[in-house]
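Note sheet for the following structure.
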Amino acid sequence: MRRKDIPTLNVRGWERRHFWRMGMIVDVEVWNAGRLLPRPPRKLPTTTAEADYCLAHRVRIYSDLACQFCGERPAPHIAVPCDDDHAA
């Protein structure tokens, strides 16, 4: 008798949504598999996707494409390298 294959599920991963208002992050939501978590976990998986949204209109915004309603755009993400050998 042949075993049936396990059905492949299209499970969405983790997503952290940053909500912007007047150039600042004012709210953060964590979603897993399309569901909003009431409290974010202490540590998120490394495969977590980061997304920026307009707080007033709840639409996705990008650094080169602002909110179509109010023009809100996220501040640029600046990465500062840290040298652990010289840290205080």
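Residues are referred to by chain and number: the chain letter is A, B, ... according to the order shown in the structure tokens, the number counts from 1 in that chain, and ligands are numbered separately from 1 in the order shown.
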Report as a ChimeraX atom specification all protein, DNA and RNA residues lying within 12 Å of Lys43 (chain A), evaluated on only C-alpha atoms, omitting residues in the same chain fewer than 3 positions from it. /A:14,16,30,39-40,46-48
DSSP-assigned strand (DSSP E) among region 21-69 of chain A, expressed as a list in words: Arg21, Met24, Ile25, Val26, Asp27, Val28, Glu29, Val30, Trp31, Asn32, Arg35, Leu36, Ala49, Glu50, Ala51, Asp52, Tyr53, Cys54, Arg60 and Ile61 of chain A
Residues just named, written with C-alpha atoms as a tab-separated table (two decimals), in the first residue's frame:
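Contents of part23.tsv, freshly written:
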```tsv
chain	number	residue	atom	x	y	z
A	21	ARG	CA	3.72	58.95	11.34
A	24	MET	CA	8.87	58.39	13.28
A	25	ILE	CA	7.90	54.80	14.06
A	26	VAL	CA	4.87	55.01	16.33
A	27	ASP	CA	3.63	51.41	16.34
A	28	VAL	CA	5.01	47.93	15.66
A	29	GLU	CA	3.00	44.81	14.90
A	30	VAL	CA	4.23	41.23	14.57
A	31	TRP	CA	2.40	38.85	12.24
A	32	ASN	CA	2.87	35.10	11.87
A	35	ARG	CA	-2.31	36.40	12.02
A	36	LEU	CA	-1.59	39.35	14.25
A	49	ALA	CA	10.46	40.24	6.96
A	50	GLU	CA	10.45	43.95	7.78
A	51	ALA	CA	7.72	46.14	6.24
A	52	ASP	CA	6.85	49.84	6.56
A	53	TYR	CA	3.26	51.09	6.67
A	54	CYS	CA	1.54	54.48	6.95
A	60	ARG	CA	2.45	49.76	2.63
A	61	ILE	CA	5.05	52.44	1.99
```
Correct to one decimal, the distance CA of Phe19 (chain A)-CA of Tyr62 (chain A) is 11.7 Å
